[in-house]
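One file, work-v1.pdb, carrying PDB, C-alpha atoms:
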```pdb
ATOM      1  CA  MET A   1       1.414  -6.313 -12.516  1.00  0.00           C
ATOM      2  CA  GLY A   2      -1.915  -5.180 -11.090  1.00  0.00           C
ATOM      3  CA  SER A   3      -3.461  -1.755 -11.197  1.00  0.00           C
ATOM      4  CA  PRO A   4      -1.553   0.970  -9.350  1.00  0.00           C
ATOM      5  CA  LEU A   5      -4.898   2.141  -7.993  1.00  0.00           C
ATOM      6  CA  PRO A   6      -5.782   1.520  -4.355  1.00  0.00           C
ATOM      7  CA  GLU A   7      -9.091  -0.178  -3.539  1.00  0.00           C
ATOM      8  CA  ILE A   8     -12.091   1.891  -4.658  1.00  0.00           C
ATOM      9  CA  ILE A   9     -14.668   1.802  -1.856  1.00  0.00           C
ATOM     10  CA  TYR A  10     -17.320   4.142  -3.290  1.00  0.00           C
ATOM     11  CA  GLU A  11     -18.167   5.498  -6.710  1.00  0.00           C
ATOM     12  CA  ASP A  12     -21.080   7.389  -8.272  1.00  0.00           C
ATOM     13  CA  ASN A  13     -21.569  10.274 -10.730  1.00  0.00           C
ATOM     14  CA  HIS A  14     -20.415  12.936  -8.246  1.00  0.00           C
ATOM     15  CA  LEU A  15     -17.956  11.225  -5.888  1.00  0.00           C
ATOM     16  CA  ILE A  16     -15.277   8.543  -5.729  1.00  0.00           C
ATOM     17  CA  ALA A  17     -13.500   7.244  -2.611  1.00  0.00           C
ATOM     18  CA  VAL A  18     -10.497   4.985  -2.108  1.00  0.00           C
ATOM     19  CA  ASN A  19      -8.798   3.142   0.741  1.00  0.00           C
ATOM     20  CA  LYS A  20      -5.488   4.986   0.553  1.00  0.00           C
ATOM     21  CA  ARG A  21      -2.326   2.956   1.038  1.00  0.00           C
ATOM     22  CA  ALA A  22       0.719   4.157   2.935  1.00  0.00           C
ATOM     23  CA  GLY A  23       2.884   6.077   0.477  1.00  0.00           C
ATOM     24  CA  ASP A  24       0.014   7.204  -1.766  1.00  0.00           C
ATOM     25  CA  LEU A  25       0.039  10.972  -2.366  1.00  0.00           C
ATOM     26  CA  VAL A  26      -3.254  12.855  -2.178  1.00  0.00           C
ATOM     27  CA  GLN A  27      -1.594  15.847  -3.822  1.00  0.00           C
ATOM     28  CA  GLY A  28       1.576  16.126  -5.848  1.00  0.00           C
ATOM     29  CA  ASP A  29       4.803  17.138  -4.106  1.00  0.00           C
ATOM     30  CA  LYS A  30       8.480  17.681  -4.869  1.00  0.00           C
ATOM     31  CA  THR A  31       9.107  13.920  -5.161  1.00  0.00           C
ATOM     32  CA  GLY A  32       7.364  13.902  -8.542  1.00  0.00           C
ATOM     33  CA  ASP A  33       5.523  10.680  -7.658  1.00  0.00           C
ATOM     34  CA  ILE A  34       2.142  10.274  -9.353  1.00  0.00           C
ATOM     35  CA  PRO A  35      -0.606  11.458  -6.960  1.00  0.00           C
ATOM     36  CA  LEU A  36      -3.938   9.702  -6.507  1.00  0.00           C
ATOM     37  CA  PRO A  37      -5.977  12.257  -8.507  1.00  0.00           C
ATOM     38  CA  GLU A  38      -3.928  11.514 -11.626  1.00  0.00           C
ATOM     39  CA  LEU A  39      -4.359   7.753 -11.156  1.00  0.00           C
ATOM     40  CA  LEU A  40      -8.097   8.191 -10.673  1.00  0.00           C
ATOM     41  CA  LYS A  41      -8.429  10.459 -13.702  1.00  0.00           C
ATOM     42  CA  SER A  42      -6.782   7.771 -15.843  1.00  0.00           C
ATOM     43  CA  TYR A  43      -9.107   5.137 -14.358  1.00  0.00           C
ATOM     44  CA  ILE A  44     -12.248   7.244 -15.046  1.00  0.00           C
ATOM     45  CA  LYS A  45     -11.090   8.171 -18.542  1.00  0.00           C
ATOM     46  CA  SER A  46     -10.489   4.515 -19.397  1.00  0.00           C
ATOM     47  CA  LYS A  47     -13.613   3.099 -17.702  1.00  0.00           C
ATOM     48  CA  PHE A  48     -16.047   5.545 -19.300  1.00  0.00           C
ATOM     49  CA  ASN A  49     -14.079   6.144 -22.504  1.00  0.00           C
ATOM     50  CA  LYS A  50     -14.145   9.887 -21.817  1.00  0.00           C
ATOM     51  CA  PRO A  51     -12.721  12.256 -24.422  1.00  0.00           C
ATOM     52  CA  GLY A  52     -10.706  15.246 -23.263  1.00  0.00           C
ATOM     53  CA  ALA A  53      -9.778  16.192 -19.717  1.00  0.00           C
ATOM     54  CA  VAL A  54     -11.354  14.455 -16.725  1.00  0.00           C
ATOM     55  CA  PHE A  55     -12.447  16.541 -13.722  1.00  0.00           C
ATOM     56  CA  LEU A  56     -11.379  15.342 -10.275  1.00  0.00           C
ATOM     57  CA  GLY A  57     -11.399  17.571  -7.203  1.00  0.00           C
ATOM     58  CA  VAL A  58      -9.455  17.066  -3.964  1.00  0.00           C
ATOM     59  CA  ILE A  59     -11.862  17.481  -1.021  1.00  0.00           C
ATOM     60  CA  HIS A  60      -9.598  16.600   1.923  1.00  0.00           C
ATOM     61  CA  ARG A  61      -6.161  15.105   2.553  1.00  0.00           C
ATOM     62  CA  LEU A  62      -4.338  12.416   4.485  1.00  0.00           C
ATOM     63  CA  ASP A  63      -0.624  12.476   5.288  1.00  0.00           C
ATOM     64  CA  ARG A  64       1.476  10.315   2.978  1.00  0.00           C
ATOM     65  CA  PRO A  65       2.282   7.580   5.581  1.00  0.00           C
ATOM     66  CA  THR A  66      -1.370   7.437   6.754  1.00  0.00           C
ATOM     67  CA  THR A  67      -3.944   4.993   5.346  1.00  0.00           C
ATOM     68  CA  GLY A  68      -7.721   4.914   4.964  1.00  0.00           C
ATOM     69  CA  VAL A  69     -10.730   6.690   3.475  1.00  0.00           C
ATOM     70  CA  VAL A  70     -10.077   9.543   1.043  1.00  0.00           C
ATOM     71  CA  LEU A  71     -12.975  11.105  -0.858  1.00  0.00           C
ATOM     72  CA  PHE A  72     -12.670  12.935  -4.194  1.00  0.00           C
ATOM     73  CA  ALA A  73     -15.214  14.842  -6.273  1.00  0.00           C
ATOM     74  CA  ARG A  74     -16.032  13.915  -9.862  1.00  0.00           C
ATOM     75  CA  THR A  75     -18.046  17.098 -10.510  1.00  0.00           C
ATOM     76  CA  SER A  76     -17.609  20.771  -9.626  1.00  0.00           C
ATOM     77  CA  LYS A  77     -20.989  20.679  -7.857  1.00  0.00           C
ATOM     78  CA  GLY A  78     -19.840  17.721  -5.755  1.00  0.00           C
ATOM     79  CA  LEU A  79     -16.564  19.495  -4.937  1.00  0.00           C
ATOM     80  CA  GLU A  80     -18.197  22.779  -3.939  1.00  0.00           C
ATOM     81  CA  ARG A  81     -20.809  21.144  -1.704  1.00  0.00           C
ATOM     82  CA  MET A  82     -18.414  18.695  -0.048  1.00  0.00           C
ATOM     83  CA  ASN A  83     -15.860  21.462   0.557  1.00  0.00           C
ATOM     84  CA  ALA A  84     -18.600  23.372   2.371  1.00  0.00           C
ATOM     85  CA  ALA A  85     -19.587  20.267   4.361  1.00  0.00           C
ATOM     86  CA  PHE A  86     -15.985  19.731   5.534  1.00  0.00           C
ATOM     87  CA  LYS A  87     -15.515  23.434   6.309  1.00  0.00           C
ATOM     88  CA  ASN A  88     -18.741  23.525   8.350  1.00  0.00           C
ATOM     89  CA  ARG A  89     -17.835  20.264  10.133  1.00  0.00           C
ATOM     90  CA  GLU A  90     -20.903  18.487   8.774  1.00  0.00           C
ATOM     91  CA  THR A  91     -18.843  15.350   8.120  1.00  0.00           C
ATOM     92  CA  HIS A  92     -17.760  12.825  10.720  1.00  0.00           C
ATOM     93  CA  LYS A  93     -14.389  11.049  10.545  1.00  0.00           C
ATOM     94  CA  LYS A  94     -13.264   8.168  12.727  1.00  0.00           C
ATOM     95  CA  TYR A  95      -9.590   7.189  12.966  1.00  0.00           C
ATOM     96  CA  TRP A  96      -7.923   4.103  14.390  1.00  0.00           C
ATOM     97  CA  ALA A  97      -4.378   4.376  15.697  1.00  0.00           C
ATOM     98  CA  LEU A  98      -1.817   2.157  17.398  1.00  0.00           C
ATOM     99  CA  VAL A  99       0.097   4.183  19.951  1.00  0.00           C
ATOM    100  CA  GLU A 100       3.185   3.182  21.896  1.00  0.00           C
ATOM    101  CA  GLY A 101       2.710   2.270  25.537  1.00  0.00           C
ATOM    102  CA  GLN A 102      -0.409   1.605  27.564  1.00  0.00           C
ATOM    103  CA  LEU A 103      -3.080   4.246  27.686  1.00  0.00           C
ATOM    104  CA  LYS A 104      -5.006   3.741  30.909  1.00  0.00           C
ATOM    105  CA  GLN A 105      -8.402   5.156  29.979  1.00  0.00           C
ATOM    106  CA  GLU A 106     -10.351   7.019  27.328  1.00  0.00           C
ATOM    107  CA  GLY A 107     -10.044  10.765  27.335  1.00  0.00           C
ATOM    108  CA  LYS A 108      -9.851  14.107  25.585  1.00  0.00           C
ATOM    109  CA  LEU A 109      -6.748  16.010  24.493  1.00  0.00           C
ATOM    110  CA  ILE A 110      -6.525  19.789  24.118  1.00  0.00           C
ATOM    111  CA  HIS A 111      -3.325  21.384  22.853  1.00  0.00           C
ATOM    112  CA  TYR A 112      -2.195  24.394  20.856  1.00  0.00           C
ATOM    113  CA  LEU A 113      -0.373  23.349  17.687  1.00  0.00           C
ATOM    114  CA  LEU A 114       2.286  25.411  15.955  1.00  0.00           C
ATOM    115  CA  LYS A 115       3.324  24.256  12.492  1.00  0.00           C
ATOM    116  CA  ASN A 116       6.948  24.530  11.406  1.00  0.00           C
ATOM    117  CA  PRO A 117       6.967  24.651   7.585  1.00  0.00           C
ATOM    118  CA  LYS A 118      10.737  24.002   7.458  1.00  0.00           C
ATOM    119  CA  ASN A 119      10.488  20.454   8.826  1.00  0.00           C
ATOM    120  CA  ASN A 120       6.755  19.954   8.072  1.00  0.00           C
ATOM    121  CA  LYS A 121       6.051  19.202  11.702  1.00  0.00           C
ATOM    122  CA  SER A 122       3.672  20.510  14.357  1.00  0.00           C
ATOM    123  CA  ARG A 123       4.627  21.156  17.963  1.00  0.00           C
ATOM    124  CA  ALA A 124       2.016  20.823  20.708  1.00  0.00           C
ATOM    125  CA  PHE A 125       1.776  23.264  23.617  1.00  0.00           C
ATOM    126  CA  LEU A 126      -0.466  23.014  26.668  1.00  0.00           C
ATOM    127  CA  ARG A 127      -1.108  26.783  26.724  1.00  0.00           C
ATOM    128  CA  PRO A 128      -1.835  29.290  23.952  1.00  0.00           C
ATOM    129  CA  GLU A 129       1.243  30.400  22.013  1.00  0.00           C
ATOM    130  CA  LYS A 130       1.661  33.023  19.322  1.00  0.00           C
ATOM    131  CA  ASP A 131       0.255  31.718  15.992  1.00  0.00           C
ATOM    132  CA  ALA A 132      -0.596  28.307  17.543  1.00  0.00           C
ATOM    133  CA  LYS A 133      -4.050  26.880  16.784  1.00  0.00           C
ATOM    134  CA  GLU A 134      -6.245  25.098  19.305  1.00  0.00           C
ATOM    135  CA  ALA A 135      -6.464  21.349  18.680  1.00  0.00           C
ATOM    136  CA  LYS A 136      -9.080  19.091  20.283  1.00  0.00           C
ATOM    137  CA  LEU A 137      -9.734  15.375  20.004  1.00  0.00           C
ATOM    138  CA  SER A 138     -11.321  12.585  22.021  1.00  0.00           C
ATOM    139  CA  TYR A 139     -10.335   8.924  22.046  1.00  0.00           C
ATOM    140  CA  SER A 140     -11.517   5.564  23.329  1.00  0.00           C
ATOM    141  CA  ILE A 141      -9.542   2.360  23.873  1.00  0.00           C
ATOM    142  CA  LEU A 142     -10.316  -0.627  21.628  1.00  0.00           C
ATOM    143  CA  GLN A 143      -7.557  -3.009  22.737  1.00  0.00           C
ATOM    144  CA  LYS A 144      -4.633  -2.948  25.164  1.00  0.00           C
ATOM    145  CA  GLY A 145      -1.410  -4.831  24.568  1.00  0.00           C
ATOM    146  CA  ASP A 146       1.910  -5.068  26.394  1.00  0.00           C
ATOM    147  CA  ARG A 147       3.624  -2.422  24.274  1.00  0.00           C
ATOM    148  CA  TYR A 148       0.844  -0.784  22.236  1.00  0.00           C
ATOM    149  CA  THR A 149      -2.728   0.446  22.653  1.00  0.00           C
ATOM    150  CA  LEU A 150      -5.292   0.396  19.829  1.00  0.00           C
ATOM    151  CA  ILE A 151      -7.490   3.485  20.020  1.00  0.00           C
ATOM    152  CA  GLU A 152     -10.373   5.107  18.156  1.00  0.00           C
ATOM    153  CA  VAL A 153      -9.989   8.850  17.654  1.00  0.00           C
ATOM    154  CA  HIS A 154     -12.596  11.512  16.933  1.00  0.00           C
ATOM    155  CA  LEU A 155     -11.283  14.908  15.855  1.00  0.00           C
ATOM    156  CA  GLU A 156     -13.020  18.088  16.967  1.00  0.00           C
ATOM    157  CA  THR A 157     -10.597  20.242  14.970  1.00  0.00           C
ATOM    158  CA  GLY A 158      -8.598  19.508  11.841  1.00  0.00           C
ATOM    159  CA  ARG A 159      -5.027  20.699  12.381  1.00  0.00           C
ATOM    160  CA  HIS A 160      -1.755  19.805  10.647  1.00  0.00           C
ATOM    161  CA  HIS A 161      -0.521  16.407  11.931  1.00  0.00           C
ATOM    162  CA  GLN A 162      -2.961  16.796  14.817  1.00  0.00           C
ATOM    163  CA  ILE A 163      -3.323  13.178  15.972  1.00  0.00           C
ATOM    164  CA  ARG A 164       0.390  12.512  15.496  1.00  0.00           C
ATOM    165  CA  ALA A 165       1.515  15.609  17.411  1.00  0.00           C
ATOM    166  CA  GLN A 166      -0.977  15.363  20.253  1.00  0.00           C
ATOM    167  CA  PHE A 167      -0.319  11.727  21.155  1.00  0.00           C
ATOM    168  CA  ALA A 168       3.435  12.284  20.870  1.00  0.00           C
ATOM    169  CA  ALA A 169       3.040  15.216  23.284  1.00  0.00           C
ATOM    170  CA  ILE A 170       1.577  12.928  25.977  1.00  0.00           C
ATOM    171  CA  GLY A 171       4.322  10.352  25.506  1.00  0.00           C
ATOM    172  CA  HIS A 172       2.409   7.912  23.277  1.00  0.00           C
ATOM    173  CA  PRO A 173       3.606   8.433  19.679  1.00  0.00           C
ATOM    174  CA  ILE A 174       1.947   6.478  16.896  1.00  0.00           C
ATOM    175  CA  LYS A 175       3.621   3.179  16.051  1.00  0.00           C
ATOM    176  CA  GLY A 176       6.128   3.723  13.234  1.00  0.00           C
ATOM    177  CA  ASP A 177       5.977   7.527  13.409  1.00  0.00           C
ATOM    178  CA  VAL A 178       9.684   8.229  13.973  1.00  0.00           C
ATOM    179  CA  LYS A 179       9.128  11.856  12.962  1.00  0.00           C
ATOM    180  CA  TYR A 180       7.209  12.262  16.213  1.00  0.00           C
ATOM    181  CA  GLY A 181       9.377  10.090  18.429  1.00  0.00           C
ATOM    182  CA  ALA A 182       8.323   6.482  17.747  1.00  0.00           C
ATOM    183  CA  ARG A 183      10.962   3.902  18.667  1.00  0.00           C
ATOM    184  CA  ARG A 184      11.327   2.413  15.191  1.00  0.00           C
ATOM    185  CA  ALA A 185       9.987   2.786  11.666  1.00  0.00           C
ATOM    186  CA  GLU A 186       7.688   0.344   9.905  1.00  0.00           C
ATOM    187  CA  ARG A 187       9.270  -1.566   7.017  1.00  0.00           C
ATOM    188  CA  ASP A 188       6.989   0.092   4.467  1.00  0.00           C
ATOM    189  CA  LYS A 189       7.522   3.561   6.018  1.00  0.00           C
ATOM    190  CA  SER A 190       3.861   3.677   7.042  1.00  0.00           C
ATOM    191  CA  ILE A 191       2.581   4.832  10.403  1.00  0.00           C
ATOM    192  CA  CYS A 192      -0.207   3.020  12.249  1.00  0.00           C
ATOM    193  CA  LEU A 193      -2.794   5.743  11.735  1.00  0.00           C
ATOM    194  CA  HIS A 194      -5.840   4.809   9.663  1.00  0.00           C
ATOM    195  CA  ALA A 195      -8.875   6.850   8.580  1.00  0.00           C
ATOM    196  CA  LYS A 196     -11.382   4.105   9.385  1.00  0.00           C
ATOM    197  CA  SER A 197     -14.644   5.737   8.346  1.00  0.00           C
ATOM    198  CA  LEU A 198     -16.209   8.867   6.908  1.00  0.00           C
ATOM    199  CA  ASN A 199     -19.869   9.771   7.329  1.00  0.00           C
ATOM    200  CA  PHE A 200     -21.549  12.593   5.375  1.00  0.00           C
ATOM    201  CA  LEU A 201     -24.706  13.650   3.557  1.00  0.00           C
ATOM    202  CA  HIS A 202     -24.463  13.099  -0.196  1.00  0.00           C
ATOM    203  CA  PRO A 203     -24.045  16.450  -2.004  1.00  0.00           C
ATOM    204  CA  THR A 204     -27.003  15.896  -4.358  1.00  0.00           C
ATOM    205  CA  THR A 205     -29.284  13.206  -2.890  1.00  0.00           C
ATOM    206  CA  LYS A 206     -28.789  14.397   0.722  1.00  0.00           C
ATOM    207  CA  GLU A 207     -28.838  10.764   1.844  1.00  0.00           C
ATOM    208  CA  SER A 208     -26.453   9.614   4.596  1.00  0.00           C
ATOM    209  CA  VAL A 209     -23.319   7.900   3.259  1.00  0.00           C
ATOM    210  CA  ILE A 210     -20.984   5.895   5.507  1.00  0.00           C
ATOM    211  CA  LEU A 211     -17.659   4.828   3.982  1.00  0.00           C
ATOM    212  CA  GLU A 212     -15.530   2.207   5.753  1.00  0.00           C
ATOM    213  CA  ALA A 213     -11.921   1.315   4.952  1.00  0.00           C
ATOM    214  CA  THR A 214     -10.336  -2.017   5.939  1.00  0.00           C
ATOM    215  CA  VAL A 215      -7.313  -1.574   8.193  1.00  0.00           C
ATOM    216  CA  PRO A 216      -3.902  -2.529   6.762  1.00  0.00           C
ATOM    217  CA  ALA A 217      -2.045  -5.692   7.753  1.00  0.00           C
ATOM    218  CA  SER A 218       0.148  -3.772  10.232  1.00  0.00           C
ATOM    219  CA  PHE A 219      -2.884  -3.531  12.541  1.00  0.00           C
ATOM    220  CA  THR A 220      -3.892  -7.208  12.354  1.00  0.00           C
ATOM    221  CA  PRO A 221      -1.903  -8.541  15.339  1.00  0.00           C
ATOM    222  CA  PHE A 222      -3.439  -5.865  17.562  1.00  0.00           C
ATOM    223  CA  LEU A 223      -7.116  -6.102  16.598  1.00  0.00           C
ATOM    224  CA  PRO A 224      -9.622  -7.164  19.274  1.00  0.00           C
TER     225      PRO A 224
END
```
Translate the structure of the given file into structure tokens.
Amino acid sequence: MGSPLPEIIYEDNHLIAVNKRAGDLVQGDKTGDIPLPELLKSYIKSKFNKPGAVFLGVIHRLDRPTTGVVLFARTSKGLERMNAAFKNRETHKKYWALVEGQLKQEGKLIHYLLKNPKNNKSRAFLRPEKDAKEAKLSYSILQKGDRYTLIEVHLETGRHHQIRAQFAAIGHPIKGDVKYGARRAERDKSICLHAKSLNFLHPTTKESVILEATVPASFTPFLP
């Protein structure tokens, strides 16, 4: 048996990033499955022979069936500064997604998303609704197929299930995302949504860091 850890794509004194697999939890939930922070704490404790508790801060999240770049903080300074960078939209994330059907051209989507905590799902409206939050994204087309389109997505807002809900609302749900109307599930219960890259200024050195995560095998037949 190999390590339960996903691939580590970046590591220094303040930060650590992984290429999250479908099914990995960024934060613990009612399933009781071991979340990534606990796996990473064990890895750091073992690698550096650290006594006592290991600090690891969650900076941002990805949905459980989603794959790609997730960044964690190894110090409180790193956590505080990266939290501020995400809040102030000083980071840049790029997603790849396979959506059902043929998208004709690149574009921009604007909806108003209302989260339903009971079914952990967001509903997209074209006009403002009570308690709904504005959601904006832009996308370009990387590859067209007979049944699916490979797209690159840039978020302008960070709402609950935003990419999933918005593309479902225009009749192009993400491949495998049966929660949002996809025709069928993937065997591994993943959805074809991948956080491809994350670009930010390092919290202490202020140098530009670009993290890239290899797409999972489910994308391979559709790559250009």
If we count all atoms listed in the file, what is near stretch 144-152 of chain A at a cut-off of 7 Å, once residues fewer than 5 positions away on the same chain are taken out, given as a ChimeraX atom specification? /A:94-103,139,222
Can you give me, as JSON, numbers by chain, the residues this file yields under the PyMOL selection byres ((chain A and resi 199-209) around 7)? {"A": [78, 81, 82, 90, 91, 92, 93, 197, 198, 210, 211]}
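Between atom CA of A:Ala169 and atom CA of A:Leu114 there is a distance of 12.6 Å.
Proximity of A:Thr214, A:Asn119, A:Thr75, A:Ser138 to A:Val18, computed with all atoms listed in the file, is greatest for A:Thr214.
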Atom pair atom CA of A:Ile174 + atom CA of A:Asp24, distance 18.8 Å
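Closest to A:Ser42 among A:Leu5, A:Ile16, A:Val26, A:Ala185 is A:Leu5, based on all atoms listed in the file.
Among the candidates A:Val70, A:Leu79, A:Ile44, A:Leu39, the residue lying nearest to A:Gly57 is A:Leu79 (atoms considered: only C-alpha atoms).
Separating atom CA of A:Tyr112 from atom CA of A:Ala85 is a distance of 24.3 Å.
The smallest atom-to-atom distance between A:Lys189 and any of A:Ala22, A:Val153, A:Ala17, A:Val69, using all atoms listed in the file, is found for A:Ala22.
Taking all atoms listed in the file into account, A:Ile141 lies nearest to A:Leu223 out of the set A:Ala217, A:Ala124, A:Leu56, A:Leu223.
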Neighbour list for A:Leu62 as a compact mmCIF listing (two decimals) with C-alpha atoms, in the frame of the given file, cut-off 10 Å, all atoms listed in the file, skip fewer than 3 positions in-chain:
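Listing of out.txt after writing:
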```
# COMPACT_ATOMS: atom_id res chain seq x y z
CA LYS A 20 -5.49 4.99 0.55
CA ALA A 22 0.72 4.16 2.94
CA ASP A 24 0.01 7.20 -1.77
CA LEU A 25 0.04 10.97 -2.37
CA VAL A 26 -3.25 12.86 -2.18
CA GLN A 27 -1.59 15.85 -3.82
CA PRO A 65 2.28 7.58 5.58
CA THR A 66 -1.37 7.44 6.75
CA THR A 67 -3.94 4.99 5.35
CA GLY A 68 -7.72 4.91 4.96
CA VAL A 69 -10.73 6.69 3.48
CA VAL A 70 -10.08 9.54 1.04
CA HIS A 160 -1.76 19.80 10.65
CA HIS A 161 -0.52 16.41 11.93
CA LEU A 193 -2.79 5.74 11.74
CA HIS A 194 -5.84 4.81 9.66
CA ALA A 195 -8.88 6.85 8.58
```
